[in-house]
Amino acid sequence: MLTAQEAESLILQLTQPLDPKDDRETVDLSAAADRILAAPVSGTQDFPHWDNSAMDGYAVRYGDVAQGSTENPVTLDIVDEIPAGSTPKKTIQVGQAARIFTGSMLPPGADTIVMQEDTQREGDWVKILTSPKPQAFVRHRGAYYQAGQPLLQAGIRLSGADIAVLATAQCLQVPVYRSPNVAILSTGNELVSPGQPLQPGQIVDSNQAALAALVARTGAKPICLGIVPDQPEILKAKMAEAIASADLVLSSGGVSVGDYDYVDRILAELGAEIHVRSVAVKPGKPLTVATFPKANSNRPVLYFGLPGNPVSSLVSFWRFVQPALRKLSGLRDGWEPAIVQSKTLQDLRSDGKRESYVWGQVRLTKGEFSFEIAGGSQSSGNLINLAQTTGLAILPIGQTAIAAGESVSLLLVNGLG
Ligand code: AMP
Ligand code: MG
């Protein structure tokens with residue numbers, strides 16, 4: 001049985017990212033947020049585009065005002081007014097200034113801005129009540145970016161700030177990776193979909209809806225293939241369909257040692273290479289990870305056979321599937337689970353045999369993460385108190401308790417991670 005760390009490394013090693021050329025599409029800038037850039041972008045214009053003012057004030061020649069002070073102000077003749085968006089009409093000569101505003105172009109001849117607060121206006125004249133630094137408050141052309149230099153690198157998830165950069169570079173058609181296709185199926189004779197009435201012995205298939213939501217949040221496209229009964233022939237056909245149609249497959253249930261747990265056997269029959277059968281974690285021990293070679297591609301299809309227990313299934317997703325999905329999607333780094341140090345507000349316990357995850361809420365109080373365990377049973381079948389989980393406290397193998405007030409590692413999930 002692999003440790004969690006070994007399984008994580010192996011899974012990332014097995015995951016091949018989408019191809020930046022073959023798996024690329026172009027989207028409008030307005031639809032590019034949260035997509036992953038598939039090619040580096042560079043701009044054709046310097047930024048700032050021209051010398052401009054960082055303040056409302058007066059554009060002056062430094063030589064004229066170097067000796068200015070409140071006691072001995074320099075008086076300059078205002079020869080132009082330059083609102084933002086207009087071009088200066090005059091060259092500033094010795095003894096002259098131009099009224100200027102934030103973002104306005106610096107007029108020729110001027111090299112320094114004196115902010116309005118350090119001046120006194122008298123009709124067409126302005127008194128400079130300070131001795132500014134040379135080139136004060138001038139944003140020089142190309143100071144932040146020179147045309148042709150790399151602007152954004154491939155493999156980044158486009159944030160709002162990145163969109164601002166792309167807009168400034170007038171990049172209206174953005175090359176991004178296509179979303180990976182993730183087939184999802186639930187196995188079990190006892191399962192019914194959420195819209196169906198429950199008969200005795202049945203349980204609602206919550207995993208499919210939950211996994212689809214989590215997959216979509218990573219930016220991938222969920223393909224829900226429904227519920228498949230524990231009947232080997234039907235299951236085999238459905239699994240084959242999933243493998244043929246997706247970059248990554250998630251099934252839940254049927255990977256334990258029960259008489260009706262067929263997934264591993266069928267994977268072998270379908271020609272999979274099985275790399276992981278179980279991981280020393282709790283919840284989530286039965287976890288199957290397999291690969292299928294894909295025709296005309298050196299990127300195999302990844303198959304995750306997740307445990308059926310709702311909590312186990314989601315914990316396995318957060319711990320092992322999400323990193324793989326991030327790498328698959330073209331992200332250049334940051335695939336690993338987000339683990340931070342936190343203070344636990346309650347005592348935490350485990351049997352110490354496997355790396356154990358305790359679910360609950362993470363809070364950021366006075367600059368420090370704190371963890372509050374979810375009330376109710378920490379049983380892998382109790383999906384009810386998994387609601388609103390934002391963190392999993394991790395008790396490593398060999399550690400049976402962490403006392404309230406002590407430090408604990410936290411895997412951040414559900415928007416935090
Ligand atoms: P299994 O891994 O197939 O042995 O299932 C373990 C437990 O999880 C059983 O109690 C199942 O009824 C339950 N279970 C399996 N699949 C799902 C599912 N898709 N949604 C909710 N519960 C499930
Ligand atoms: Mg089952």
# chains A, B, ... in the order shown; residues from 1 in each chain; ligands from 1

call {"tool": "closest_atom_pairs", "arguments": {"of": "region 178-270 of chain A", "to": "region 15-18 of chain A", "cutoff": "9 Å", "atoms": "only C-alpha atoms", "output": "JSON lines"}}
result
{"residue": "A:Arg178", "atom": "CA", "partner": "A:Leu18", "partner_atom": "CA", "distance": 8.3}
{"residue": "A:Pro180", "atom": "CA", "partner": "A:Leu18", "partner_atom": "CA", "distance": 7.8}
{"residue": "A:Asp247", "atom": "CA", "partner": "A:Leu18", "partner_atom": "CA", "distance": 9.0}

call {"tool": "write_last_selection", "arguments": {"atoms": "C-alpha atoms", "output": "PDB file, in the first residue's frame"}}
result
ATOM      1  CA  ARG A 178      -9.342  23.386 -24.174  1.00  0.00           C
ATOM      2  CA  PRO A 180     -10.157  18.525 -20.218  1.00  0.00           C
ATOM      3  CA  ASP A 247      -9.112  12.554 -20.874  1.00  0.00           C
TER       4      ASP A 247
END

call {"tool": "residues_around", "arguments": {"residues": "Ala4 (chain A)", "least_positions_apart": "2", "cutoff": "10 Å", "atoms": "only C-alpha atoms", "output": "mmCIF file with N, CA and C atoms, in the first residue's frame"}}
result
data_model
loop_
_atom_site.group_PDB
_atom_site.id
_atom_site.type_symbol
_atom_site.label_atom_id
_atom_site.label_comp_id
_atom_site.auth_asym_id
_atom_site.auth_seq_id
_atom_site.Cartn_x
_atom_site.Cartn_y
_atom_site.Cartn_z
ATOM 1 N N MET A 1 0.853 -1.205 0.000
ATOM 2 C CA MET A 1 0.000 0.000 0.000
ATOM 3 C C MET A 1 0.883 1.247 0.000
ATOM 4 N N LEU A 2 0.565 2.172 -0.877
ATOM 5 C CA LEU A 2 1.378 3.394 -0.983
ATOM 6 C C LEU A 2 1.012 4.383 0.117
ATOM 7 N N GLU A 6 3.538 9.117 -1.624
ATOM 8 C CA GLU A 6 3.962 8.288 -2.763
ATOM 9 C C GLU A 6 2.890 8.269 -3.847
ATOM 10 N N ALA A 7 1.633 8.128 -3.416
ATOM 11 C CA ALA A 7 0.541 8.094 -4.397
ATOM 12 C C ALA A 7 0.457 9.425 -5.131
ATOM 13 N N GLU A 8 0.578 10.527 -4.393
ATOM 14 C CA GLU A 8 0.503 11.851 -5.026
ATOM 15 C C GLU A 8 1.598 12.001 -6.082
ATOM 16 N N SER A 9 2.832 11.609 -5.722
ATOM 17 C CA SER A 9 3.951 11.752 -6.676
ATOM 18 C C SER A 9 3.726 10.877 -7.900
ATOM 19 N N LEU A 10 3.305 9.633 -7.651
ATOM 20 C CA LEU A 10 3.109 8.708 -8.764
ATOM 21 C C LEU A 10 2.002 9.216 -9.699
ATOM 22 N N SER A 278 -4.485 0.762 -3.490
ATOM 23 C CA SER A 278 -4.949 1.339 -2.225
ATOM 24 C C SER A 278 -3.870 2.267 -1.679
ATOM 25 N N VAL A 279 -4.304 3.208 -0.876
ATOM 26 C CA VAL A 279 -3.403 4.205 -0.312
ATOM 27 C C VAL A 279 -3.634 4.261 1.197
ATOM 28 N N ALA A 280 -2.556 4.444 1.946
ATOM 29 C CA ALA A 280 -2.662 4.439 3.413
ATOM 30 C C ALA A 280 -3.224 5.760 3.919
ATOM 31 N N VAL A 281 -4.501 5.989 3.597
ATOM 32 C CA VAL A 281 -5.183 7.199 4.058
ATOM 33 C C VAL A 281 -6.535 6.797 4.662
ATOM 34 N N LYS A 285 -9.130 4.649 1.703
ATOM 35 C CA LYS A 285 -8.087 3.638 1.448
ATOM 36 C C LYS A 285 -8.210 2.952 0.092
ATOM 37 N N ARG A 319 -7.566 15.175 -2.515
ATOM 38 C CA ARG A 319 -6.166 14.821 -2.228
ATOM 39 C C ARG A 319 -5.411 14.359 -3.471
ATOM 40 N N PHE A 320 -6.079 13.607 -4.364
ATOM 41 C CA PHE A 320 -5.344 12.969 -5.467
ATOM 42 C C PHE A 320 -5.812 13.374 -6.873
ATOM 43 N N ARG A 354 -3.014 5.027 9.442
ATOM 44 C CA ARG A 354 -2.979 5.628 8.107
ATOM 45 C C ARG A 354 -2.997 7.142 8.249
ATOM 46 N N GLU A 355 -2.549 7.845 7.215
ATOM 47 C CA GLU A 355 -2.670 9.303 7.254
ATOM 48 C C GLU A 355 -4.169 9.615 7.319
ATOM 49 N N SER A 356 -4.564 10.361 8.332
ATOM 50 C CA SER A 356 -6.003 10.551 8.559
ATOM 51 C C SER A 356 -6.413 11.994 8.320
ATOM 52 N N PRO A 396 -0.622 12.651 10.488
ATOM 53 C CA PRO A 396 0.260 11.722 9.770
ATOM 54 C C PRO A 396 0.246 10.325 10.385
ATOM 55 N N ILE A 397 0.735 9.361 9.621
ATOM 56 C CA ILE A 397 0.851 7.994 10.138
ATOM 57 C C ILE A 397 1.682 8.047 11.421
#

call {"tool": "closest_residue", "arguments": {"among": "A:Asp19, A:Asp34, A:Glu190, A:Glu241", "to": "Leu225 (chain A)", "atoms": "only C-alpha atoms"}}
result
A:Glu241

call {"tool": "atom_distance", "arguments": {"atom1": "CA of Trp335 (chain A)", "atom2": "CA of Asn181 (chain A)"}}
result
17.8 Å

call {"tool": "select_by_dssp", "arguments": {"residues": "region 145-274 of chain A", "states": "helix (DSSP H, G or I)", "output": "NGL selection string"}}
result
:A and (160-168 or 207-217 or 232-245 or 263-269)

call {"tool": "write_last_selection", "arguments": {"atoms": "N, CA and C atoms", "output": "compact mmCIF listing (two decimals), in the first residue's frame"}}
result
# COMPACT_ATOMS: atom_id res chain seq x y z
N GLY A 160 -8.32 38.13 -13.02
CA GLY A 160 -8.80 39.46 -13.40
C GLY A 160 -7.66 40.39 -13.75
N ALA A 161 -6.57 40.31 -12.98
CA ALA A 161 -5.41 41.17 -13.26
C ALA A 161 -4.79 40.81 -14.60
N ASP A 162 -4.74 39.49 -14.91
CA ASP A 162 -4.19 39.06 -16.20
C ASP A 162 -5.06 39.58 -17.35
N ILE A 163 -6.37 39.59 -17.13
CA ILE A 163 -7.28 40.09 -18.16
C ILE A 163 -6.99 41.57 -18.42
N ALA A 164 -6.70 42.31 -17.34
CA ALA A 164 -6.35 43.73 -17.51
C ALA A 164 -5.10 43.87 -18.38
N VAL A 165 -4.14 43.00 -18.14
CA VAL A 165 -2.88 43.06 -18.91
C VAL A 165 -3.16 42.72 -20.39
N LEU A 166 -3.98 41.69 -20.61
CA LEU A 166 -4.31 41.31 -21.99
C LEU A 166 -5.08 42.43 -22.69
N ALA A 167 -5.99 43.07 -21.96
CA ALA A 167 -6.76 44.18 -22.55
C ALA A 167 -5.82 45.30 -22.95
N THR A 168 -4.88 45.63 -22.06
CA THR A 168 -3.93 46.70 -22.34
C THR A 168 -3.08 46.37 -23.56
N ASN A 207 -22.54 11.14 -5.16
CA ASN A 207 -21.16 11.33 -5.65
C ASN A 207 -21.10 11.98 -7.03
N GLN A 208 -22.02 11.54 -7.90
CA GLN A 208 -21.95 12.03 -9.28
C GLN A 208 -22.10 13.55 -9.35
N ALA A 209 -23.12 14.04 -8.63
CA ALA A 209 -23.38 15.48 -8.63
C ALA A 209 -22.21 16.23 -7.98
N ALA A 210 -21.72 15.68 -6.87
CA ALA A 210 -20.63 16.36 -6.16
C ALA A 210 -19.35 16.36 -7.01
N LEU A 211 -19.03 15.22 -7.59
CA LEU A 211 -17.79 15.15 -8.39
C LEU A 211 -17.89 16.05 -9.62
N ALA A 212 -19.09 16.08 -10.23
CA ALA A 212 -19.27 16.97 -11.40
C ALA A 212 -19.02 18.42 -11.00
N ALA A 213 -19.54 18.80 -9.83
CA ALA A 213 -19.34 20.18 -9.37
C ALA A 213 -17.86 20.46 -9.12
N LEU A 214 -17.18 19.53 -8.48
CA LEU A 214 -15.76 19.74 -8.18
C LEU A 214 -14.92 19.77 -9.46
N VAL A 215 -15.27 18.90 -10.39
CA VAL A 215 -14.55 18.87 -11.67
C VAL A 215 -14.72 20.22 -12.39
N ALA A 216 -15.96 20.69 -12.43
CA ALA A 216 -16.24 21.96 -13.12
C ALA A 216 -15.46 23.11 -12.47
N ARG A 217 -15.33 23.05 -11.15
CA ARG A 217 -14.60 24.12 -10.46
C ARG A 217 -13.13 24.15 -10.81
N PRO A 232 -21.21 -6.94 -14.25
CA PRO A 232 -19.93 -6.79 -14.95
C PRO A 232 -20.05 -6.40 -16.43
N GLU A 233 -20.98 -6.98 -17.15
CA GLU A 233 -21.02 -6.69 -18.59
C GLU A 233 -21.45 -5.26 -18.86
N ILE A 234 -22.48 -4.83 -18.10
CA ILE A 234 -22.96 -3.45 -18.28
C ILE A 234 -21.89 -2.47 -17.84
N LEU A 235 -21.26 -2.79 -16.71
CA LEU A 235 -20.23 -1.91 -16.16
C LEU A 235 -19.05 -1.82 -17.13
N LYS A 236 -18.69 -2.95 -17.70
CA LYS A 236 -17.56 -2.97 -18.63
C LYS A 236 -17.85 -2.07 -19.85
N ALA A 237 -19.06 -2.18 -20.37
CA ALA A 237 -19.41 -1.38 -21.54
C ALA A 237 -19.37 0.11 -21.20
N LYS A 238 -19.86 0.45 -20.02
CA LYS A 238 -19.90 1.86 -19.61
C LYS A 238 -18.49 2.39 -19.36
N MET A 239 -17.67 1.57 -18.74
CA MET A 239 -16.29 2.00 -18.47
C MET A 239 -15.54 2.19 -19.79
N ALA A 240 -15.79 1.29 -20.73
CA ALA A 240 -15.12 1.41 -22.04
C ALA A 240 -15.56 2.70 -22.73
N GLU A 241 -16.85 3.00 -22.63
CA GLU A 241 -17.37 4.24 -23.22
C GLU A 241 -16.71 5.46 -22.56
N ALA A 242 -16.58 5.40 -21.24
CA ALA A 242 -15.97 6.51 -20.51
C ALA A 242 -14.52 6.71 -20.96
N ILE A 243 -13.80 5.63 -21.04
CA ILE A 243 -12.38 5.71 -21.38
C ILE A 243 -12.19 6.26 -22.80
N ALA A 244 -13.12 5.86 -23.70
CA ALA A 244 -13.00 6.31 -25.09
C ALA A 244 -13.36 7.79 -25.24
N SER A 245 -14.15 8.32 -24.30
CA SER A 245 -14.68 9.66 -24.53
C SER A 245 -14.00 10.75 -23.71
N VAL A 263 -14.66 -3.17 -10.37
CA VAL A 263 -13.96 -2.17 -11.19
C VAL A 263 -12.53 -2.59 -11.56
N ASP A 264 -11.76 -3.05 -10.57
CA ASP A 264 -10.36 -3.41 -10.86
C ASP A 264 -10.27 -4.55 -11.89
N ARG A 265 -11.12 -5.53 -11.72
CA ARG A 265 -11.11 -6.68 -12.63
C ARG A 265 -11.43 -6.23 -14.06
N ILE A 266 -12.41 -5.36 -14.19
CA ILE A 266 -12.80 -4.89 -15.52
C ILE A 266 -11.70 -4.02 -16.13
N LEU A 267 -11.08 -3.22 -15.30
CA LEU A 267 -9.97 -2.40 -15.81
C LEU A 267 -8.90 -3.29 -16.42
N ALA A 268 -8.58 -4.38 -15.72
CA ALA A 268 -7.55 -5.31 -16.24
C ALA A 268 -8.01 -5.92 -17.55
N GLU A 269 -9.30 -6.32 -17.59
CA GLU A 269 -9.84 -6.92 -18.84
C GLU A 269 -9.79 -5.93 -20.00
